[in-house]
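Worksheet: the structure to be examined is printed underneath.
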Amino acid sequence: MQLAALIVVILFAFWIGGAGAYALARPEKARAAIGRFASSHRVNLIEQALRGLAGAALVVRAPEAITPAVFHWAGWIIVVTAVLLAILPLRWHAGYAQWWSRNLPLSLLKVGGVFALALAGVLARAALG
C-alpha cells in the first residue's frame, strides 16, 4: 500500500510541477484552461476523483513522509474539499473557475507557477521519506 501511495504522490507532484511550468511558459493558455475546470459533470467528477485519490495517497503515505503531520492534514483537506466540490452545484464551481480565468492577473499566475514548481519538488522529496 505504501508503494502505491508513493507512486500516486509522485505523480501528483509531477502534475503540480507540470501545471506550474505551463503557467510560466504559456500564462495566457494556462489562465484559459482554468476556465474549463468543472466544465461538465463528467469533467468535474473526474477532477474530484483524481483530487481525492491524491489526497488519500498523502494520508496513506504520511507515516513514511518527512513531514507526517503535514501529509496527514493536507491529505484530509484535499479529500474533504474533493467531496465538497463533487456535491456542490456545478454552476457554482464552474462559475468560480470561469471568474478566475477572466480576472487572474498573468503576473500572479506566473508567481503561482514558480510556487507550484517549488511545491512539486518539496512534495516529491518529502514523500520519499
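Order determines the names: the first chain of the C-alpha cells is A, the second B, and so forth; residues in each chain are numbered 1 upward, and ligands are numbered 1 upward as they are shown.
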Residues within 10 Å of Arg61 in chain A, only C-alpha atoms, excluding chain neighbours under 5 positions, as JSON, numbers by chain: {"A": [1, 2, 3, 4, 5, 6, 7, 8, 9, 55, 56, 66, 68, 71, 72, 75, 126, 127, 128, 129]}
Would you put the residues from that selection into a file with N, CA, C and O atoms, as a PDB file, in the first residue's frame?
ATOM      1  N   MET A   1       0.820  -1.192   0.000  1.00  0.00           N
ATOM      2  CA  MET A   1       0.000   0.000   0.000  1.00  0.00           C
ATOM      3  C   MET A   1       0.868   1.262   0.000  1.00  0.00           C
ATOM      4  O   MET A   1       0.520   2.240  -0.649  1.00  0.00           O
ATOM      5  N   GLN A   2       1.967   1.220   0.723  1.00  0.00           N
ATOM      6  CA  GLN A   2       2.869   2.377   0.770  1.00  0.00           C
ATOM      7  C   GLN A   2       3.464   2.677  -0.605  1.00  0.00           C
ATOM      8  O   GLN A   2       3.599   3.841  -0.976  1.00  0.00           O
ATOM      9  N   LEU A   3       3.819   1.633  -1.334  1.00  0.00           N
ATOM     10  CA  LEU A   3       4.393   1.847  -2.663  1.00  0.00           C
ATOM     11  C   LEU A   3       3.373   2.496  -3.591  1.00  0.00           C
ATOM     12  O   LEU A   3       3.700   3.437  -4.326  1.00  0.00           O
ATOM     13  N   ALA A   4       2.145   2.015  -3.560  1.00  0.00           N
ATOM     14  CA  ALA A   4       1.096   2.605  -4.397  1.00  0.00           C
ATOM     15  C   ALA A   4       0.872   4.073  -4.019  1.00  0.00           C
ATOM     16  O   ALA A   4       0.748   4.936  -4.894  1.00  0.00           O
ATOM     17  N   ALA A   5       0.839   4.351  -2.717  1.00  0.00           N
ATOM     18  CA  ALA A   5       0.658   5.734  -2.264  1.00  0.00           C
ATOM     19  C   ALA A   5       1.825   6.607  -2.708  1.00  0.00           C
ATOM     20  O   ALA A   5       1.621   7.748  -3.148  1.00  0.00           O
ATOM     21  N   LEU A   6       3.030   6.085  -2.615  1.00  0.00           N
ATOM     22  CA  LEU A   6       4.203   6.841  -3.048  1.00  0.00           C
ATOM     23  C   LEU A   6       4.116   7.167  -4.539  1.00  0.00           C
ATOM     24  O   LEU A   6       4.380   8.300  -4.958  1.00  0.00           O
ATOM     25  N   ILE A   7       3.738   6.194  -5.337  1.00  0.00           N
ATOM     26  CA  ILE A   7       3.624   6.411  -6.783  1.00  0.00           C
ATOM     27  C   ILE A   7       2.588   7.491  -7.078  1.00  0.00           C
ATOM     28  O   ILE A   7       2.826   8.397  -7.881  1.00  0.00           O
ATOM     29  N   VAL A   8       1.438   7.429  -6.403  1.00  0.00           N
ATOM     30  CA  VAL A   8       0.390   8.427  -6.634  1.00  0.00           C
ATOM     31  C   VAL A   8       0.867   9.816  -6.201  1.00  0.00           C
ATOM     32  O   VAL A   8       0.636  10.807  -6.901  1.00  0.00           O
ATOM     33  N   VAL A   9       1.549   9.905  -5.058  1.00  0.00           N
ATOM     34  CA  VAL A   9       2.044  11.204  -4.592  1.00  0.00           C
ATOM     35  C   VAL A   9       3.092  11.754  -5.560  1.00  0.00           C
ATOM     36  O   VAL A   9       3.088  12.952  -5.875  1.00  0.00           O
ATOM     37  N   GLY A  55      -5.248  13.086  -2.438  1.00  0.00           N
ATOM     38  CA  GLY A  55      -5.366  13.357  -1.004  1.00  0.00           C
ATOM     39  C   GLY A  55      -5.267  12.089  -0.177  1.00  0.00           C
ATOM     40  O   GLY A  55      -4.571  12.052   0.848  1.00  0.00           O
ATOM     41  N   ALA A  56      -5.945  11.037  -0.617  1.00  0.00           N
ATOM     42  CA  ALA A  56      -5.882   9.763   0.101  1.00  0.00           C
ATOM     43  C   ALA A  56      -4.459   9.208   0.099  1.00  0.00           C
ATOM     44  O   ALA A  56      -3.991   8.651   1.100  1.00  0.00           O
ATOM     45  N   ILE A  66       8.615  12.722   5.335  1.00  0.00           N
ATOM     46  CA  ILE A  66       9.466  13.544   6.202  1.00  0.00           C
ATOM     47  C   ILE A  66       8.601  14.385   7.134  1.00  0.00           C
ATOM     48  O   ILE A  66       8.973  14.632   8.283  1.00  0.00           O
ATOM     49  N   PRO A  68       5.114  13.962   8.460  1.00  0.00           N
ATOM     50  CA  PRO A  68       3.888  13.164   8.540  1.00  0.00           C
ATOM     51  C   PRO A  68       2.633  13.969   8.863  1.00  0.00           C
ATOM     52  O   PRO A  68       1.582  13.724   8.269  1.00  0.00           O
ATOM     53  N   PHE A  71       1.481  15.911   5.722  1.00  0.00           N
ATOM     54  CA  PHE A  71       0.879  14.991   4.745  1.00  0.00           C
ATOM     55  C   PHE A  71      -0.501  14.550   5.222  1.00  0.00           C
ATOM     56  O   PHE A  71      -1.450  14.511   4.434  1.00  0.00           O
ATOM     57  N   HIS A  72      -0.604  14.204   6.489  1.00  0.00           N
ATOM     58  CA  HIS A  72      -1.877  13.731   7.043  1.00  0.00           C
ATOM     59  C   HIS A  72      -2.963  14.796   6.881  1.00  0.00           C
ATOM     60  O   HIS A  72      -4.020  14.532   6.305  1.00  0.00           O
ATOM     61  N   GLY A  75      -3.617  15.928   3.221  1.00  0.00           N
ATOM     62  CA  GLY A  75      -4.351  14.873   2.524  1.00  0.00           C
ATOM     63  C   GLY A  75      -5.831  14.894   2.862  1.00  0.00           C
ATOM     64  O   GLY A  75      -6.684  14.815   1.975  1.00  0.00           O
ATOM     65  N   ALA A 126       9.613  15.069   0.140  1.00  0.00           N
ATOM     66  CA  ALA A 126       9.032  14.698   1.431  1.00  0.00           C
ATOM     67  C   ALA A 126       8.372  13.321   1.371  1.00  0.00           C
ATOM     68  O   ALA A 126       8.414  12.575   2.355  1.00  0.00           O
ATOM     69  N   ALA A 127       7.804  12.994   0.236  1.00  0.00           N
ATOM     70  CA  ALA A 127       7.145  11.686   0.087  1.00  0.00           C
ATOM     71  C   ALA A 127       8.128  10.535   0.157  1.00  0.00           C
ATOM     72  O   ALA A 127       7.792   9.433   0.609  1.00  0.00           O
ATOM     73  N   LEU A 128       9.367  10.790  -0.254  1.00  0.00           N
ATOM     74  CA  LEU A 128      10.364   9.719  -0.257  1.00  0.00           C
ATOM     75  C   LEU A 128      10.825   9.342   1.144  1.00  0.00           C
ATOM     76  O   LEU A 128      11.382   8.278   1.352  1.00  0.00           O
ATOM     77  N   GLY A 129      10.544  10.229   2.099  1.00  0.00           N
ATOM     78  CA  GLY A 129      10.892   9.931   3.490  1.00  0.00           C
ATOM     79  C   GLY A 129      12.325  10.137   3.835  1.00  0.00           C
ATOM     80  O   GLY A 129      13.168  10.582   3.175  1.00  0.00           O
TER      81      GLY A 129
END
Residue contacts of Leu108 in chain A (10 Å, only C-alpha atoms) excluding same-chain residues fewer than 4 positions away, as JSON, numbers by chain: {"A": [23, 27, 104, 112, 113, 114]}
I need the chosen residues saved as an mmCIF file, in the first residue's frame, with C-alpha atoms.
data_model
loop_
_atom_site.group_PDB
_atom_site.id
_atom_site.type_symbol
_atom_site.label_atom_id
_atom_site.label_comp_id
_atom_site.auth_asym_id
_atom_site.auth_seq_id
_atom_site.Cartn_x
_atom_site.Cartn_y
_atom_site.Cartn_z
ATOM 1 C CA ALA A 23 1.736 28.633 -16.185
ATOM 2 C CA PRO A 27 0.354 32.009 -18.951
ATOM 3 C CA LEU A 104 -6.467 36.322 -12.643
ATOM 4 C CA GLY A 112 1.835 30.683 -8.785
ATOM 5 C CA GLY A 113 3.781 28.754 -11.420
ATOM 6 C CA VAL A 114 7.044 29.295 -9.546
#
Residue contacts of range 35-52 of chain A (9 Å, only C-alpha atoms) excluding same-chain residues fewer than 5 positions away, as a PyMOL selection string: chain A and resi 12+57+75-76+78-83+85-86+90-91+93-102
Nearest to Lys29 in chain A by atom-to-atom distance, counting only C-alpha atoms, from A:Ile87, A:Ile16, A:Ile10, A:Leu106: A:Leu106
Spatial neighbours of Ala30 in chain A, 9 Å, only C-alpha atoms, chain gap at least 5 places, as a VMD selection string: chain A and resid 19 22 to 25 101 109
Residues near Ala120 in chain A, cut-off 8 Å, only C-alpha atoms, skip fewer than 6 positions along chain, as an MDAnalysis selection string: chainID A and resid 13:14 16:17
If you keep C-alpha atoms, can you produce a file of those selected residues as a CSV table (one decimal), in the first residue's frame?
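Saved result, part.csv, follows:
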chain,number,residue,atom,x,y,z
A,13,ALA,CA,3.9,16.2,-7.7
A,14,PHE,CA,4.6,15.8,-11.4
A,16,ILE,CA,1.7,20.1,-9.9
A,17,GLY,CA,5.1,20.8,-11.5
Residue nearest Asn103 in chain A - candidates A:Leu58, A:Trp73, A:Thr67, A:Ile34, atoms counted: only C-alpha atoms: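 Ranked by minimum distance to Asn103 in chain A, first place goes to A:Ile34.
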In range 18-94 of chain A, DSSP helix (DSSP H, G or I) residues written as a ChimeraX atom specification: /A:18-25,27-34,41-64,68-87,90-94
